[in-house]
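Engineer: For reference, this is my_file-v5.pdb, and it has PDB, C-alpha atoms and all ligand atoms.
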ATOM      1  CA  MET A   8      28.413 -23.520 -89.363  1.00  0.00           C
ATOM      2  CA  MET A   9      30.229 -25.469 -86.713  1.00  0.00           C
ATOM      3  CA  TYR A  10      31.228 -24.234 -83.329  1.00  0.00           C
ATOM      4  CA  SER A  11      34.455 -26.186 -83.320  1.00  0.00           C
ATOM      5  CA  CYS A  12      37.598 -24.717 -84.875  1.00  0.00           C
ATOM      6  CA  ALA A  13      37.492 -23.620 -88.517  1.00  0.00           C
ATOM      7  CA  LEU A  14      40.157 -24.355 -91.099  1.00  0.00           C
ATOM      8  CA  TRP A  15      41.780 -21.032 -91.944  1.00  0.00           C
ATOM      9  CA  SER A  16      43.750 -20.474 -95.121  1.00  0.00           C
ATOM     10  CA  GLU A  17      45.747 -17.625 -96.601  1.00  0.00           C
ATOM     11  CA  ALA A  18      42.481 -16.352 -98.136  1.00  0.00           C
ATOM     12  CA  GLU A  19      41.473 -15.307 -94.599  1.00  0.00           C
ATOM     13  CA  GLY A  20      44.968 -14.248 -93.585  1.00  0.00           C
ATOM     14  CA  GLY A  21      45.773 -17.552 -91.888  1.00  0.00           C
ATOM     15  CA  VAL A  22      44.941 -18.507 -88.286  1.00  0.00           C
ATOM     16  CA  ASN A  23      45.818 -15.007 -87.040  1.00  0.00           C
ATOM     17  CA  GLY A  24      44.030 -13.165 -89.840  1.00  0.00           C
ATOM     18  CA  ASP A  25      41.224 -11.751 -87.732  1.00  0.00           C
ATOM     19  CA  LEU A  26      43.716 -10.590 -85.090  1.00  0.00           C
ATOM     20  CA  LEU A  27      46.215  -9.003 -87.453  1.00  0.00           C
ATOM     21  CA  SER A  28      44.048  -7.509 -90.172  1.00  0.00           C
ATOM     22  CA  GLY A  29      40.667  -7.586 -88.491  1.00  0.00           C
ATOM     23  CA  PRO A  30      37.778  -9.905 -89.320  1.00  0.00           C
ATOM     24  CA  THR A  31      36.384  -9.522 -92.813  1.00  0.00           C
ATOM     25  CA  ASP A  32      32.863 -10.294 -93.918  1.00  0.00           C
ATOM     26  CA  GLY A  33      32.304 -13.992 -94.485  1.00  0.00           C
ATOM     27  CA  ASP A  34      35.780 -15.118 -93.399  1.00  0.00           C
ATOM     28  CA  LEU A  35      34.532 -17.376 -90.601  1.00  0.00           C
ATOM     29  CA  GLU A  36      31.875 -18.884 -92.877  1.00  0.00           C
ATOM     30  CA  ALA A  37      34.494 -19.579 -95.577  1.00  0.00           C
ATOM     31  CA  ALA A  38      36.880 -21.196 -93.088  1.00  0.00           C
ATOM     32  CA  GLN A  39      34.088 -23.297 -91.571  1.00  0.00           C
ATOM     33  CA  HIS A  40      32.934 -24.382 -95.006  1.00  0.00           C
ATOM     34  CA  ARG A  41      36.512 -25.415 -95.822  1.00  0.00           C
ATOM     35  CA  LYS A  42      36.724 -27.416 -92.603  1.00  0.00           C
ATOM     36  CA  ILE A  43      33.449 -29.260 -93.246  1.00  0.00           C
ATOM     37  CA  HIS A  44      34.442 -30.172 -96.791  1.00  0.00           C
ATOM     38  CA  HIS A  45      37.944 -31.171 -95.740  1.00  0.00           C
ATOM     39  CA  VAL A  46      36.455 -33.656 -93.270  1.00  0.00           C
ATOM     40  CA  LEU A  47      33.783 -34.920 -95.691  1.00  0.00           C
ATOM     41  CA  LYS A  48      36.457 -35.504 -98.325  1.00  0.00           C
ATOM     42  CA  LYS A  49      38.618 -37.406 -95.839  1.00  0.00           C
ATOM     43  CA  ALA A  50      35.642 -39.683 -95.147  1.00  0.00           C
ATOM     44  CA  ARG A  51      35.618 -40.605 -98.872  1.00  0.00           C
ATOM     45  CA  LEU A  52      31.846 -40.359 -99.052  1.00  0.00           C
ATOM     46  CA  ARG A  53      30.027 -41.684-102.076  1.00  0.00           C
ATOM     47  CA  LEU A  54      26.530 -40.941-103.297  1.00  0.00           C
ATOM     48  CA  GLY A  55      23.944 -42.688-101.119  1.00  0.00           C
ATOM     49  CA  ASP A  56      26.398 -43.625 -98.340  1.00  0.00           C
ATOM     50  CA  ARG A  57      25.078 -43.855 -94.809  1.00  0.00           C
ATOM     51  CA  LEU A  58      26.989 -41.582 -92.469  1.00  0.00           C
ATOM     52  CA  LEU A  59      26.959 -41.726 -88.668  1.00  0.00           C
ATOM     53  CA  GLU A  60      28.020 -38.614 -86.761  1.00  0.00           C
ATOM     54  CA  PHE A  61      28.673 -38.356 -83.026  1.00  0.00           C
ATOM     55  CA  GLY A  62      28.224 -34.731 -81.952  1.00  0.00           C
ATOM     56  CA  SER A  63      25.814 -32.873 -84.268  1.00  0.00           C
ATOM     57  CA  GLY A  64      26.507 -29.362 -83.076  1.00  0.00           C
ATOM     58  CA  TRP A  65      24.125 -27.184 -85.081  1.00  0.00           C
ATOM     59  CA  GLY A  66      23.868 -29.753 -87.872  1.00  0.00           C
ATOM     60  CA  GLY A  67      26.244 -28.065 -90.349  1.00  0.00           C
ATOM     61  CA  LEU A  68      28.261 -31.125 -91.314  1.00  0.00           C
ATOM     62  CA  ALA A  69      25.262 -33.462 -91.501  1.00  0.00           C
ATOM     63  CA  ILE A  70      23.408 -31.050 -93.778  1.00  0.00           C
ATOM     64  CA  GLU A  71      26.402 -30.597 -96.067  1.00  0.00           C
ATOM     65  CA  ALA A  72      26.983 -34.381 -96.263  1.00  0.00           C
ATOM     66  CA  ALA A  73      23.386 -34.898 -97.374  1.00  0.00           C
ATOM     67  CA  ARG A  74      23.279 -31.879 -99.681  1.00  0.00           C
ATOM     68  CA  THR A  75      26.631 -32.243-101.453  1.00  0.00           C
ATOM     69  CA  TYR A  76      27.343 -35.957-101.233  1.00  0.00           C
ATOM     70  CA  GLY A  77      23.774 -37.293-101.274  1.00  0.00           C
ATOM     71  CA  CYS A  78      24.356 -39.142 -98.009  1.00  0.00           C
ATOM     72  CA  GLU A  79      21.812 -40.393 -95.523  1.00  0.00           C
ATOM     73  CA  VAL A  80      22.903 -39.141 -92.130  1.00  0.00           C
ATOM     74  CA  ASP A  81      22.220 -40.137 -88.518  1.00  0.00           C
ATOM     75  CA  SER A  82      23.680 -37.632 -86.108  1.00  0.00           C
ATOM     76  CA  LEU A  83      23.795 -37.812 -82.302  1.00  0.00           C
ATOM     77  CA  THR A  84      23.713 -34.989 -79.794  1.00  0.00           C
ATOM     78  CA  LEU A  85      23.015 -34.639 -76.094  1.00  0.00           C
ATOM     79  CA  SER A  86      21.595 -31.156 -76.533  1.00  0.00           C
ATOM     80  CA  VAL A  87      17.866 -30.507 -76.911  1.00  0.00           C
ATOM     81  CA  GLU A  88      18.652 -27.045 -78.309  1.00  0.00           C
ATOM     82  CA  GLN A  89      21.097 -28.409 -80.888  1.00  0.00           C
ATOM     83  CA  LYS A  90      18.617 -31.035 -82.043  1.00  0.00           C
ATOM     84  CA  ALA A  91      15.859 -28.417 -82.390  1.00  0.00           C
ATOM     85  CA  LEU A  92      17.983 -25.915 -84.339  1.00  0.00           C
ATOM     86  CA  ALA A  93      19.602 -28.602 -86.500  1.00  0.00           C
ATOM     87  CA  GLU A  94      16.155 -29.971 -87.393  1.00  0.00           C
ATOM     88  CA  GLU A  95      14.964 -26.476 -88.257  1.00  0.00           C
ATOM     89  CA  ARG A  96      17.950 -26.087 -90.601  1.00  0.00           C
ATOM     90  CA  ILE A  97      17.487 -29.561 -92.083  1.00  0.00           C
ATOM     91  CA  LYS A  98      13.868 -28.685 -92.849  1.00  0.00           C
ATOM     92  CA  ALA A  99      14.858 -25.340 -94.379  1.00  0.00           C
ATOM     93  CA  ALA A 100      17.366 -27.172 -96.583  1.00  0.00           C
ATOM     94  CA  GLY A 101      14.650 -29.616 -97.706  1.00  0.00           C
ATOM     95  CA  LEU A 102      16.622 -32.557 -96.311  1.00  0.00           C
ATOM     96  CA  GLU A 103      14.061 -34.045 -93.950  1.00  0.00           C
ATOM     97  CA  GLY A 104      14.140 -37.785 -94.341  1.00  0.00           C
ATOM     98  CA  ARG A 105      17.816 -37.736 -95.335  1.00  0.00           C
ATOM     99  CA  VAL A 106      19.202 -36.371 -92.064  1.00  0.00           C
ATOM    100  CA  ARG A 107      18.031 -37.611 -88.679  1.00  0.00           C
ATOM    101  CA  VAL A 108      19.194 -35.955 -85.473  1.00  0.00           C
ATOM    102  CA  HIS A 109      18.927 -38.183 -82.419  1.00  0.00           C
ATOM    103  CA  LEU A 110      18.940 -36.996 -78.843  1.00  0.00           C
ATOM    104  CA  MET A 111      21.088 -39.929 -77.844  1.00  0.00           C
ATOM    105  CA  ASP A 112      24.239 -40.806 -75.963  1.00  0.00           C
ATOM    106  CA  TYR A 113      26.705 -42.634 -78.234  1.00  0.00           C
ATOM    107  CA  ARG A 114      26.725 -45.524 -75.759  1.00  0.00           C
ATOM    108  CA  ASP A 115      23.021 -46.075 -76.449  1.00  0.00           C
ATOM    109  CA  ILE A 116      23.146 -46.617 -80.201  1.00  0.00           C
ATOM    110  CA  PRO A 117      20.395 -49.092 -81.119  1.00  0.00           C
ATOM    111  CA  PRO A 118      20.808 -52.602 -82.587  1.00  0.00           C
ATOM    112  CA  GLU A 119      19.650 -51.379 -86.017  1.00  0.00           C
ATOM    113  CA  PHE A 120      22.868 -49.336 -86.224  1.00  0.00           C
ATOM    114  CA  GLN A 121      24.935 -52.517 -86.236  1.00  0.00           C
ATOM    115  CA  HIS A 122      27.181 -52.571 -89.341  1.00  0.00           C
ATOM    116  CA  ALA A 123      24.776 -50.154 -91.017  1.00  0.00           C
ATOM    117  CA  PHE A 124      27.112 -47.274 -91.878  1.00  0.00           C
ATOM    118  CA  ASP A 125      29.629 -46.617 -94.626  1.00  0.00           C
ATOM    119  CA  ALA A 126      31.288 -43.776 -92.768  1.00  0.00           C
ATOM    120  CA  PHE A 127      31.683 -42.312 -89.304  1.00  0.00           C
ATOM    121  CA  ILE A 128      32.588 -38.720 -88.465  1.00  0.00           C
ATOM    122  CA  SER A 129      33.048 -37.067 -85.126  1.00  0.00           C
ATOM    123  CA  ILE A 130      34.399 -33.561 -84.724  1.00  0.00           C
ATOM    124  CA  GLU A 131      35.517 -32.317 -81.339  1.00  0.00           C
ATOM    125  CA  MET A 132      33.320 -34.719 -79.427  1.00  0.00           C
ATOM    126  CA  LEU A 133      36.082 -37.095 -78.300  1.00  0.00           C
ATOM    127  CA  GLU A 134      37.083 -34.490 -75.715  1.00  0.00           C
ATOM    128  CA  HIS A 135      33.866 -35.355 -73.845  1.00  0.00           C
ATOM    129  CA  VAL A 136      34.557 -39.089 -73.814  1.00  0.00           C
ATOM    130  CA  GLY A 137      37.477 -39.514 -71.410  1.00  0.00           C
ATOM    131  CA  SER A 138      40.502 -41.708 -72.090  1.00  0.00           C
ATOM    132  CA  GLN A 139      39.172 -44.521 -69.905  1.00  0.00           C
ATOM    133  CA  HIS A 140      36.243 -44.839 -72.350  1.00  0.00           C
ATOM    134  CA  TYR A 141      38.156 -44.645 -75.631  1.00  0.00           C
ATOM    135  CA  LYS A 142      38.149 -48.407 -76.130  1.00  0.00           C
ATOM    136  CA  GLU A 143      34.380 -48.597 -75.677  1.00  0.00           C
ATOM    137  CA  TYR A 144      33.934 -45.574 -77.960  1.00  0.00           C
ATOM    138  CA  PHE A 145      35.927 -47.112 -80.811  1.00  0.00           C
ATOM    139  CA  LYS A 146      34.281 -50.502 -80.256  1.00  0.00           C
ATOM    140  CA  LEU A 147      30.940 -48.810 -80.861  1.00  0.00           C
ATOM    141  CA  VAL A 148      32.280 -47.076 -83.955  1.00  0.00           C
ATOM    142  CA  ASP A 149      33.404 -50.486 -85.200  1.00  0.00           C
ATOM    143  CA  TYR A 150      29.992 -51.958 -84.299  1.00  0.00           C
ATOM    144  CA  ALA A 151      28.188 -49.307 -86.341  1.00  0.00           C
ATOM    145  CA  LEU A 152      30.430 -49.435 -89.410  1.00  0.00           C
ATOM    146  CA  LYS A 153      30.088 -51.923 -92.238  1.00  0.00           C
ATOM    147  CA  SER A 154      32.869 -54.477 -92.193  1.00  0.00           C
ATOM    148  CA  LYS A 155      34.125 -53.576 -95.686  1.00  0.00           C
ATOM    149  CA  ASN A 156      35.244 -50.258 -97.198  1.00  0.00           C
ATOM    150  CA  ALA A 157      34.059 -48.167 -94.250  1.00  0.00           C
ATOM    151  CA  THR A 158      35.846 -45.011 -93.148  1.00  0.00           C
ATOM    152  CA  ALA A 159      36.129 -43.126 -89.860  1.00  0.00           C
ATOM    153  CA  VAL A 160      37.253 -39.547 -89.320  1.00  0.00           C
ATOM    154  CA  VAL A 161      37.712 -38.349 -85.763  1.00  0.00           C
ATOM    155  CA  SER A 162      38.929 -34.861 -85.022  1.00  0.00           C
ATOM    156  CA  ALA A 163      39.789 -33.553 -81.568  1.00  0.00           C
ATOM    157  CA  SER A 164      41.693 -30.728 -79.937  1.00  0.00           C
ATOM    158  CA  THR A 165      44.984 -32.078 -78.695  1.00  0.00           C
ATOM    159  CA  PHE A 166      47.761 -30.979 -76.392  1.00  0.00           C
ATOM    160  CA  PRO A 167      51.485 -31.498 -76.787  1.00  0.00           C
ATOM    161  CA  GLU A 168      52.502 -34.497 -74.674  1.00  0.00           C
ATOM    162  CA  CYS A 169      54.693 -32.292 -72.433  1.00  0.00           C
ATOM    163  CA  ARG A 170      51.712 -30.151 -71.363  1.00  0.00           C
ATOM    164  CA  TYR A 171      49.123 -32.910 -71.476  1.00  0.00           C
ATOM    165  CA  THR A 172      48.828 -33.893 -67.805  1.00  0.00           C
ATOM    166  CA  GLY A 173      48.628 -30.363 -66.518  1.00  0.00           C
ATOM    167  CA  TYR A 174      45.637 -29.557 -68.708  1.00  0.00           C
ATOM    168  CA  GLN A 175      43.525 -32.600 -67.929  1.00  0.00           C
ATOM    169  CA  MET A 176      40.620 -32.830 -65.574  1.00  0.00           C
ATOM    170  CA  VAL A 177      41.517 -36.398 -64.702  1.00  0.00           C
ATOM    171  CA  ASP A 178      45.002 -37.805 -64.173  1.00  0.00           C
ATOM    172  CA  ARG A 179      45.205 -40.899 -66.389  1.00  0.00           C
ATOM    173  CA  ARG A 180      47.522 -42.716 -63.994  1.00  0.00           C
ATOM    174  CA  THR A 181      45.545 -42.194 -60.774  1.00  0.00           C
ATOM    175  CA  GLY A 182      42.061 -41.558 -62.170  1.00  0.00           C
ATOM    176  CA  LYS A 183      41.841 -38.576 -59.797  1.00  0.00           C
ATOM    177  CA  CYS A 184      40.272 -35.294 -60.724  1.00  0.00           C
ATOM    178  CA  ILE A 185      42.916 -32.603 -61.171  1.00  0.00           C
ATOM    179  CA  LYS A 186      40.910 -29.581 -62.254  1.00  0.00           C
ATOM    180  CA  CYS A 187      38.132 -28.563 -64.529  1.00  0.00           C
ATOM    181  CA  LEU A 188      39.078 -27.353 -68.022  1.00  0.00           C
ATOM    182  CA  THR A 189      35.754 -28.237 -69.633  1.00  0.00           C
ATOM    183  CA  PRO A 190      33.354 -30.205 -67.429  1.00  0.00           C
ATOM    184  CA  GLN A 191      33.702 -33.950 -68.006  1.00  0.00           C
ATOM    185  CA  SER A 192      36.346 -33.367 -70.627  1.00  0.00           C
ATOM    186  CA  LEU A 193      39.654 -34.904 -71.530  1.00  0.00           C
ATOM    187  CA  THR A 194      41.776 -33.541 -74.324  1.00  0.00           C
ATOM    188  CA  PRO A 195      43.987 -36.180 -75.915  1.00  0.00           C
ATOM    189  CA  PRO A 196      47.719 -35.636 -76.378  1.00  0.00           C
ATOM    190  CA  ASP A 197      48.849 -35.240 -79.979  1.00  0.00           C
ATOM    191  CA  THR A 198      50.429 -38.685 -79.653  1.00  0.00           C
ATOM    192  CA  ALA A 199      47.006 -40.182 -78.809  1.00  0.00           C
ATOM    193  CA  GLU A 200      47.116 -42.374 -81.872  1.00  0.00           C
ATOM    194  CA  ALA A 201      49.952 -44.268 -80.254  1.00  0.00           C
ATOM    195  CA  TRP A 202      48.058 -45.232 -77.117  1.00  0.00           C
ATOM    196  CA  LEU A 203      44.662 -45.825 -78.725  1.00  0.00           C
ATOM    197  CA  VAL A 204      45.852 -48.922 -80.532  1.00  0.00           C
TER
HETATM  198  C1  LIG B   1      32.141 -29.417 -78.954  1.00  0.00           C
HETATM  199  S1  LIG B   1      30.619 -29.968 -79.636  1.00  0.00           S
HETATM  200  C2  LIG B   1      31.067 -30.201 -81.322  1.00  0.00           C
HETATM  201  C3  LIG B   1      29.852 -30.182 -82.201  1.00  0.00           C
HETATM  202  C4  LIG B   1      30.113 -30.281 -83.701  1.00  0.00           C
HETATM  203  N1  LIG B   1      30.711 -31.533 -84.070  1.00  0.00           N
HETATM  204  C5  LIG B   1      30.931 -29.104 -84.167  1.00  0.00           C
HETATM  205  O1  LIG B   1      32.098 -29.304 -84.522  1.00  0.00           O
HETATM  206  O2  LIG B   1      30.399 -28.001 -84.170  1.00  0.00           O
HETATM  207  C6  LIG B   1      30.420 -31.602 -78.955  1.00  0.00           C
HETATM  208  C7  LIG B   1      29.192 -32.342 -79.459  1.00  0.00           C
HETATM  209  O3  LIG B   1      29.220 -33.673 -78.954  1.00  0.00           O
HETATM  210  C8  LIG B   1      27.966 -34.013 -78.405  1.00  0.00           C
HETATM  211  N2  LIG B   1      28.207 -35.007 -77.344  1.00  0.00           N
HETATM  212  C9  LIG B   1      28.959 -34.872 -76.218  1.00  0.00           C
HETATM  213  N3  LIG B   1      28.927 -36.020 -75.495  1.00  0.00           N
HETATM  214  C10 LIG B   1      28.146 -36.886 -76.193  1.00  0.00           C
HETATM  215  C11 LIG B   1      27.711 -38.229 -75.954  1.00  0.00           C
HETATM  216  N4  LIG B   1      28.058 -38.885 -74.837  1.00  0.00           N
HETATM  217  N5  LIG B   1      26.907 -38.819 -76.859  1.00  0.00           N
HETATM  218  C12 LIG B   1      26.519 -38.138 -77.980  1.00  0.00           C
HETATM  219  N6  LIG B   1      26.898 -36.870 -78.266  1.00  0.00           N
HETATM  220  C13 LIG B   1      27.687 -36.247 -77.368  1.00  0.00           C
HETATM  221  C14 LIG B   1      27.406 -32.686 -77.914  1.00  0.00           C
HETATM  222  O4  LIG B   1      26.003 -32.743 -77.756  1.00  0.00           O
HETATM  223  C15 LIG B   1      27.856 -31.751 -79.039  1.00  0.00           C
HETATM  224  O5  LIG B   1      26.959 -31.840 -80.126  1.00  0.00           O
END
So that I can check it, write out the structure of this file as structure tokens.

Structural biologist:
Amino acid sequence: MMYSCALWSEAEGGVNGDLLSGPTDGDLEAAQHRKIHHVLKKARLRLGDRLLEFGSGWGGLAIEAARTYGCEVDSLTLSVEQKALAEERIKAAGLEGRVRVHLMDYRDIPPEFQHAFDAFISIEMLEHVGSQHYKEYFKLVDYALKSKNATAVVSASTFPECRYTGYQMVDRRTGKCIKCLTPQSLTPPDTAEAWLV
């Protein structure tokens, strides 16, 4: 399970299914499972690939990448509790040695990560980065990925451009704190792709 948004389908009554027809047993699990596999598929993982993940959560994606795609996974979190629970789940799944959870800031990735990974995935972690650090973030992704045939999948909550400024903690133009939506967070506009390049 993830704690970021699931991918709902008609099987669960769509995104409003639990509101309109009430939650049904297993619907969240099914939608979360769909989300994880959607992302893993997008990353075009192959057997034995090394996957780097920023933002482990409770380890759901890392475990599934190792279990279903036979990947070797390094996953980063800042949370002691997440690392502990993820490691418990990795052990229960018999995947110790294939999935490593590091209590590590993404800016501290070690030299042995340089060009070591076939794929990079980060789900709903970019919100914690801040637009002023995006360049450094993607430089580090580039540093960690192999120079050929590597893939990166980054998912984040976004806001429509017209509502973007009002919802941010920090005004991009002035750098001043506006208000606190999530501490230390910045949610990219849905046109983010345009100003990341
Ligand atoms: C909103 S959670 C998403 C977790 C998971 N990907 C999911 O979808 O359930 C954000 C994750 O990013 C991690 N994170 C936030 N800032 C980080 C940083 N500077 N370096 C490494 N991980 C970070 C948090 O510890 C947490 O695991």

Engineer: Provide the atom C14 of ligand LIG 1 (chain B) to atom CA of Ile130 of chain A distance in Å, to one decimal place.

Structural biologist: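 These atoms are spaced 9.8 Å apart.
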
Engineer: Using atom CA of Gly24 of chain A and atom C6 of ligand LIG 1 (chain B) as the two end points, give the distance in Å to one decimal.

Structural biologist: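 Taking atom CA of Gly24 of chain A as the start and atom C6 of ligand LIG 1 (chain B) as the end point, the length is 25.4 Å.
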
Engineer: Using all atoms listed in the file, determine which residues lie at most 8 Å from segment 64-78 of chain A, disregarding the query and same-chain residues fewer than 3 positions distant; provide the list as a PyMOL selection string.

Structural biologist: chain A and resi 8-10+43+47+52-58+60+81-82+84+89-90+92-94+96-97+100+102+105-106

Engineer: Choose the residue, out of A:Gln39, A:Ser11, A:Gln121, A:Ser164, that has the smallest atom-to-atom separation from ligand LIG 1 (chain B); count all atoms listed in the file.

Structural biologist: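 Smallest separation from ligand LIG 1 (chain B) among the options: A:Ser11.
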
Engineer: How big is the axis-aligned box around the listed atoms of segment 90-109 of chain A once 6 Å is added on each side, and where is its centre? Give both in Å to one decimal, as JSON.

Structural biologist:
{"center_x": 16.7, "center_y": -31.8, "center_z": -89.9, "size_x": 17.7, "size_y": 24.8, "size_z": 27.7}

Engineer: Carefully work through the PyMOL selection byres (((chain A and resi 147) around 12) and not hetatm) for this structure and note down the residues it includes, as a PyMOL selection string.

Structural biologist: chain A and resi 59+61+112-118+120-124+127+140-146+148-153+159

Engineer: Using only C-alpha atoms and all ligand atoms, pick whichever of A:Gly62, A:Gly101, A:Pro167, A:Gly33 has the shortest atom-to-atom distance to ligand LIG 1 (chain B).

Structural biologist: A:Gly62

Engineer: Which residue gives the smallest distance to ligand LIG 1 (chain B) among A:Asp25, A:Glu103, A:Asp125, A:Glu88, with only C-alpha atoms and all ligand atoms counted?

Structural biologist: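 Residue with the minimum atom-to-atom distance to ligand LIG 1 (chain B): A:Glu88.
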
Engineer: Have a look at atom CA of His109 of chain A and atom C1 of ligand LIG 1 (chain B) and let me know their distance in Å, one decimal.

Structural biologist: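 Going from atom CA of His109 of chain A over to atom C1 of ligand LIG 1 (chain B), I get 16.2 Å.
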
Engineer: Quick one: of A:Lys155, A:Arg170, A:His135, A:Lys49, who's nearest to ligand LIG 1 (chain B), counting only C-alpha atoms and all ligand atoms?

Structural biologist: A:His135

Engineer: Identify which of the residues A:Cys169, A:Ala157, A:Ala38, A:Ala163 lies closest to ligand LIG 1 (chain B), counting all atoms listed in the file when measuring atom-to-atom distances.

Structural biologist: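 Closest to ligand LIG 1 (chain B) of all the choices is A:Ala163.
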
Engineer: Considering all atoms listed in the file, can you say which of A:Thr31, A:Ser162, A:Ser138, A:Asn156 comes closest to ligand LIG 1 (chain B)?

Structural biologist: A:Ser162
